[in-house]
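Chemist: Handing you a structure now.
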Amino acid sequence: MPVSKASSQGLACLALLLASHFPLWAADVKAGANIAANGGAQGAPACVSCHGSQGEGGPGFPPLAGQSAGYLERQLHTLAAGKRKAVTMAPVARALTDQEKADVAAYYASLKLPIESKVGALPKSKDSNGAWLVERGRWADGIPACAKCHGPGGTGVGTDFPAIGHLDAKYMQTQMAAWRKQERDAGPLGLMGSIAQKLTDQDVQDVADYYQQLHQGAKPASN
């Protein structure tokens, strides 16, 4: 049956739509593990030298294990394009090919996230500031609850909202500073860029402390 011009245009639009949502390369977890351990073909150093042998993070470097592959891959592209400023990571991201970015992101996503989804009780007025910010937010200042975007227990949601429940306050504060200085992409609808302007260092400390308590006193990942 002949295909009409309208149908052809519709199929072309569908193809473009699919292409914009799905990469042209299939991620290879084993190849990603090799990049993490030994570096990339174009000189990118081994990820384990900074992010730990199991993606657990290291001093000044965030944990990667269990994060969404889509989120990790997007951050690598953002770093390579200069939309997220990071003296150490930007040249590493530029040294990785698109295929290598997809592979290493898939590898780290295949590892176990060290925290589990856990819904905290809705805090009462006498409870901590951290509990309020995570579970309820501070709507008077236009700050939504962390759990609304980052999921119960801060375990992450999709490609835009990473797991944060295992991060320490120092790393969180570093990222807040980057958003305030517009050195990091503000995220969907500019949400994190706006929230960072409203959170104090004490707020961030309280949030990190609350997550640590929520996850039964587990030590936050070293960053």
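Convention: chains lettered A, B, ... in structure tokens order; per-chain residue numbering from 1; ligands numbered from 1 as shown.
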Please build the interface table for segment 22-119 of chain A against segment 207-211 of chain A with a cut-off of 12 Å, listing for each qualifying residue the nearest atom pair and the distance in Å to one decimal; count only C-alpha atoms, order rows by chain and increasing number, and write it as JSON lines.
Modeler:
{"residue": "A:Ile115", "atom": "CA", "partner": "A:Tyr211", "partner_atom": "CA", "distance": 9.9}
{"residue": "A:Glu116", "atom": "CA", "partner": "A:Tyr211", "partner_atom": "CA", "distance": 11.3}
{"residue": "A:Ser117", "atom": "CA", "partner": "A:Tyr211", "partner_atom": "CA", "distance": 11.3}
{"residue": "A:Lys118", "atom": "CA", "partner": "A:Tyr211", "partner_atom": "CA", "distance": 10.0}
{"residue": "A:Val119", "atom": "CA", "partner": "A:Tyr211", "partner_atom": "CA", "distance": 10.8}
Chemist: With all heavy atoms retained, write the just-selected residues as a PDB file, in the first residue's frame.
Modeler:
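Writing the result to selection_10.pdb gives the following:
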ATOM      1  N   ILE A 115      22.050   2.691  49.712  1.00  0.00           N
ATOM      2  CA  ILE A 115      20.899   2.999  50.562  1.00  0.00           C
ATOM      3  C   ILE A 115      19.650   2.432  49.911  1.00  0.00           C
ATOM      4  O   ILE A 115      19.631   2.156  48.707  1.00  0.00           O
ATOM      5  CB  ILE A 115      20.740   4.517  50.786  1.00  0.00           C
ATOM      6  CG1 ILE A 115      20.691   5.258  49.437  1.00  0.00           C
ATOM      7  CG2 ILE A 115      21.868   5.053  51.664  1.00  0.00           C
ATOM      8  CD1 ILE A 115      20.401   6.745  49.561  1.00  0.00           C
ATOM      9  N   GLU A 116      18.597   2.253  50.713  1.00  0.00           N
ATOM     10  CA  GLU A 116      17.349   1.699  50.207  1.00  0.00           C
ATOM     11  C   GLU A 116      16.222   2.707  50.358  1.00  0.00           C
ATOM     12  O   GLU A 116      16.265   3.587  51.209  1.00  0.00           O
ATOM     13  CB  GLU A 116      17.007   0.408  50.971  1.00  0.00           C
ATOM     14  CG  GLU A 116      18.019  -0.713  50.760  1.00  0.00           C
ATOM     15  CD  GLU A 116      17.646  -1.987  51.507  1.00  0.00           C
ATOM     16  OE1 GLU A 116      16.633  -1.968  52.238  1.00  0.00           O
ATOM     17  OE2 GLU A 116      18.371  -2.988  51.351  1.00  0.00           O
ATOM     18  N   SER A 117      15.230   2.560  49.503  1.00  0.00           N
ATOM     19  CA  SER A 117      14.071   3.439  49.563  1.00  0.00           C
ATOM     20  C   SER A 117      13.414   3.324  50.934  1.00  0.00           C
ATOM     21  O   SER A 117      13.136   2.223  51.413  1.00  0.00           O
ATOM     22  CB  SER A 117      13.071   3.044  48.465  1.00  0.00           C
ATOM     23  OG  SER A 117      11.924   3.838  48.524  1.00  0.00           O
ATOM     24  N   LYS A 118      13.200   4.447  51.577  1.00  0.00           N
ATOM     25  CA  LYS A 118      12.631   4.434  52.920  1.00  0.00           C
ATOM     26  C   LYS A 118      11.841   5.713  53.144  1.00  0.00           C
ATOM     27  O   LYS A 118      12.384   6.813  53.041  1.00  0.00           O
ATOM     28  CB  LYS A 118      13.745   4.312  53.960  1.00  0.00           C
ATOM     29  CG  LYS A 118      13.241   4.108  55.379  1.00  0.00           C
ATOM     30  CD  LYS A 118      14.404   3.821  56.320  1.00  0.00           C
ATOM     31  CE  LYS A 118      13.915   3.523  57.722  1.00  0.00           C
ATOM     32  NZ  LYS A 118      15.037   3.247  58.646  1.00  0.00           N
ATOM     33  N   VAL A 119      10.564   5.576  53.433  1.00  0.00           N
ATOM     34  CA  VAL A 119       9.707   6.727  53.646  1.00  0.00           C
ATOM     35  C   VAL A 119       9.802   7.169  55.091  1.00  0.00           C
ATOM     36  O   VAL A 119       9.511   6.399  56.006  1.00  0.00           O
ATOM     37  CB  VAL A 119       8.247   6.402  53.291  1.00  0.00           C
ATOM     38  CG1 VAL A 119       7.350   7.612  53.541  1.00  0.00           C
ATOM     39  CG2 VAL A 119       8.132   5.946  51.840  1.00  0.00           C
TER      40      VAL A 119
END
Chemist: Neighbours of Pro123 of chain A within 12 Å (only C-alpha atoms; same-chain residues fewer than 2 positions away dropped), as a list of chain:residue names?
Modeler: A:Val119, A:Gly120, A:Ala121, A:Ser125, A:Lys126, A:Asp127, A:Ser128, A:Asn129, A:Gly130, A:Ala131, A:Trp132, A:Leu133, A:Val134, A:Glu135, A:Arg136, A:Gly137, A:Ala145, A:Tyr210
Chemist: Excluding same-chain residues fewer than 2 positions from Ser68 of chain A, what lies within 8 Å of it counting only C-alpha atoms, as a VMD selection string?
Modeler: chain A and resid 66 70 to 72 105 109 156 158 to 159 162
Chemist: Please provide as an NGL selection string all residues within 12 Å of segment 195-200 of chain A, with the sequence filter that same-chain residues fewer than 2 positions apart are discarded (counting only C-alpha atoms).
Modeler: :A and (129-130 or 133 or 137-146 or 169 or 172-182 or 184-193 or 202-207)
Chemist: Using N, CA and C atoms, can you export the residues from the last selection as a short mmCIF file (atom, residue, chain, number, x, y, z; two decimals), in the first residue's frame?
Modeler:
data_model
loop_
_atom_site.label_atom_id
_atom_site.label_comp_id
_atom_site.auth_asym_id
_atom_site.auth_seq_id
_atom_site.Cartn_x
_atom_site.Cartn_y
_atom_site.Cartn_z
N ASN A 129 14.87 20.44 61.70
CA ASN A 129 14.78 21.20 60.45
C ASN A 129 15.05 20.28 59.26
N GLY A 130 15.99 19.35 59.39
CA GLY A 130 16.30 18.43 58.31
C GLY A 130 15.11 17.57 57.94
N LEU A 133 12.62 19.70 55.98
CA LEU A 133 13.05 19.99 54.61
C LEU A 133 12.93 18.76 53.71
N GLY A 137 9.34 20.02 53.24
CA GLY A 137 9.78 21.22 52.53
C GLY A 137 9.56 22.47 53.38
N ARG A 138 9.94 23.59 52.83
CA ARG A 138 9.70 24.87 53.50
C ARG A 138 9.04 25.79 52.48
N TRP A 139 7.75 25.59 52.37
CA TRP A 139 6.99 26.23 51.30
C TRP A 139 6.94 27.74 51.44
N ALA A 140 7.11 28.26 52.64
CA ALA A 140 7.12 29.71 52.82
C ALA A 140 8.26 30.35 52.03
N ASP A 141 9.33 29.58 51.83
CA ASP A 141 10.49 30.05 51.06
C ASP A 141 10.52 29.46 49.65
N GLY A 142 9.46 28.75 49.28
CA GLY A 142 9.42 28.15 47.95
C GLY A 142 10.31 26.94 47.79
N ILE A 143 10.55 26.22 48.91
CA ILE A 143 11.41 25.04 48.88
C ILE A 143 10.55 23.78 49.01
N PRO A 144 10.43 22.98 47.95
CA PRO A 144 9.66 21.74 48.05
C PRO A 144 10.41 20.69 48.86
N ALA A 145 9.69 19.68 49.32
CA ALA A 145 10.32 18.59 50.06
C ALA A 145 11.32 17.86 49.16
N CYS A 146 12.51 17.57 49.71
CA CYS A 146 13.52 16.82 48.95
C CYS A 146 12.94 15.51 48.43
N ALA A 169 27.35 16.35 54.02
CA ALA A 169 27.01 17.76 53.95
C ALA A 169 28.02 18.55 53.14
N MET A 172 27.35 18.15 49.45
CA MET A 172 26.10 18.85 49.13
C MET A 172 26.32 20.35 49.06
N GLN A 173 27.04 20.88 50.04
CA GLN A 173 27.28 22.32 50.08
C GLN A 173 28.12 22.79 48.90
N THR A 174 29.07 21.96 48.48
CA THR A 174 29.88 22.29 47.30
C THR A 174 29.00 22.43 46.07
N GLN A 175 28.05 21.53 45.91
CA GLN A 175 27.15 21.58 44.76
C GLN A 175 26.20 22.76 44.85
N MET A 176 25.72 23.07 46.05
CA MET A 176 24.86 24.24 46.23
C MET A 176 25.61 25.50 45.81
N ALA A 177 26.86 25.58 46.19
CA ALA A 177 27.68 26.74 45.82
C ALA A 177 27.83 26.83 44.29
N ALA A 178 27.98 25.68 43.64
CA ALA A 178 28.13 25.66 42.19
C ALA A 178 26.85 26.16 41.51
N TRP A 179 25.70 25.76 42.04
CA TRP A 179 24.44 26.25 41.47
C TRP A 179 24.29 27.76 41.71
N ARG A 180 24.66 28.21 42.91
CA ARG A 180 24.54 29.64 43.20
C ARG A 180 25.40 30.48 42.27
N LYS A 181 26.57 29.96 41.92
CA LYS A 181 27.50 30.68 41.04
C LYS A 181 27.23 30.41 39.57
N GLN A 182 26.17 29.63 39.30
CA GLN A 182 25.82 29.25 37.94
C GLN A 182 26.96 28.50 37.25
N ARG A 184 26.97 25.20 37.47
CA ARG A 184 26.37 23.90 37.21
C ARG A 184 24.99 24.11 36.63
N ASP A 185 24.63 23.32 35.63
CA ASP A 185 23.33 23.41 35.00
C ASP A 185 22.23 23.37 36.06
N ALA A 186 21.28 24.27 35.97
CA ALA A 186 20.27 24.42 37.02
C ALA A 186 19.25 23.30 37.06
N GLY A 187 19.27 22.41 36.08
CA GLY A 187 18.36 21.27 36.10
C GLY A 187 17.00 21.59 35.50
N PRO A 188 16.08 20.60 35.51
CA PRO A 188 14.76 20.79 34.91
C PRO A 188 14.06 22.03 35.48
N LEU A 189 13.59 22.89 34.59
CA LEU A 189 12.88 24.11 34.96
C LEU A 189 13.70 25.03 35.86
N GLY A 190 15.00 24.82 35.89
CA GLY A 190 15.86 25.65 36.74
C GLY A 190 15.63 25.41 38.22
N LEU A 191 15.07 24.23 38.55
CA LEU A 191 14.62 23.97 39.92
C LEU A 191 15.75 24.04 40.94
N MET A 192 16.82 23.28 40.72
CA MET A 192 17.89 23.26 41.72
C MET A 192 18.64 24.58 41.79
N GLY A 193 18.74 25.26 40.68
CA GLY A 193 19.38 26.56 40.70
C GLY A 193 18.65 27.52 41.60
N GLN A 202 23.50 25.63 56.94
CA GLN A 202 22.92 24.87 58.06
C GLN A 202 21.78 23.98 57.59
N ASP A 203 20.96 24.48 56.65
CA ASP A 203 19.90 23.66 56.08
C ASP A 203 20.48 22.39 55.47
N VAL A 204 21.54 22.55 54.70
CA VAL A 204 22.17 21.42 54.02
C VAL A 204 22.73 20.44 55.03
N GLN A 205 23.37 20.95 56.07
CA GLN A 205 23.89 20.09 57.14
C GLN A 205 22.75 19.32 57.79
N ASP A 206 21.64 20.00 58.04
CA ASP A 206 20.48 19.35 58.67
C ASP A 206 19.90 18.26 57.78
N VAL A 207 19.85 18.51 56.49
CA VAL A 207 19.34 17.51 55.55
C VAL A 207 20.24 16.28 55.55
#
Chemist: Set the distance at 7 Å and use only C-alpha atoms: which residues neighbour Ala163 of chain A once local chain neighbours fewer than 4 positions away are removed? I'd like the list as a list in words.
Modeler: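 Final neighbour list, sorted by chain and number: Gln67, His150, Gly154, Thr155 and Gly156 of chain A.
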Chemist: Choose the residue, out of A:Thr78, A:Ser110, A:Thr88, A:Ser194, that has the smallest atom-to-atom separation from Ala33 of chain A; count only C-alpha atoms.
Modeler: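 Smallest distance to Ala33 of chain A is found for A:Ser110.
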Chemist: Per residue of segment 149-215 of chain A within 10 Å of segment 43-60 of chain A, note the shortest atom pair and the distance in Å to one decimal, counting only C-alpha atoms, and order the rows by chain and increasing residue number, as a Markdown table.
Modeler:
| residue | atom | partner | partner_atom | distance |
| --- | --- | --- | --- | --- |
| A:Leu167 | CA | A:Gly57 | CA | 9.6 |
| A:Lys170 | CA | A:Gly60 | CA | 8.7 |
| A:Tyr171 | CA | A:Gly60 | CA | 7.0 |
| A:Thr174 | CA | A:Gly60 | CA | 9.3 |
Chemist: For the selection just defined, write its residues with N, CA and C atoms to a file, as a PDB file, in the first residue's frame.
Modeler:
ATOM      1  N   LEU A 167      24.870  11.179  50.597  1.00  0.00           N
ATOM      2  CA  LEU A 167      25.896  12.204  50.430  1.00  0.00           C
ATOM      3  C   LEU A 167      26.144  12.938  51.742  1.00  0.00           C
ATOM      4  N   LYS A 170      29.296  18.215  53.277  1.00  0.00           N
ATOM      5  CA  LYS A 170      30.339  18.974  52.583  1.00  0.00           C
ATOM      6  C   LYS A 170      30.153  18.912  51.075  1.00  0.00           C
ATOM      7  N   TYR A 171      29.894  17.726  50.541  1.00  0.00           N
ATOM      8  CA  TYR A 171      29.702  17.607  49.097  1.00  0.00           C
ATOM      9  C   TYR A 171      28.418  18.323  48.665  1.00  0.00           C
ATOM     10  N   THR A 174      29.071  21.963  48.480  1.00  0.00           N
ATOM     11  CA  THR A 174      29.881  22.289  47.301  1.00  0.00           C
ATOM     12  C   THR A 174      29.003  22.428  46.068  1.00  0.00           C
TER      13      THR A 174
END
Chemist: To test your reading of the structure, identify every residue in segment 81-139 of chain A that backbone DSSP assigns to helix (DSSP H, G or I), and report it as a PyMOL selection string.
Modeler: chain A and resi 89-95+98-110+129-136+139
Chemist: Could you check which of A:His215, A:Lys148, A:Lys112, A:Lys101 is closest to Ile35 of chain A, using only C-alpha atoms?
Modeler: A:Lys101
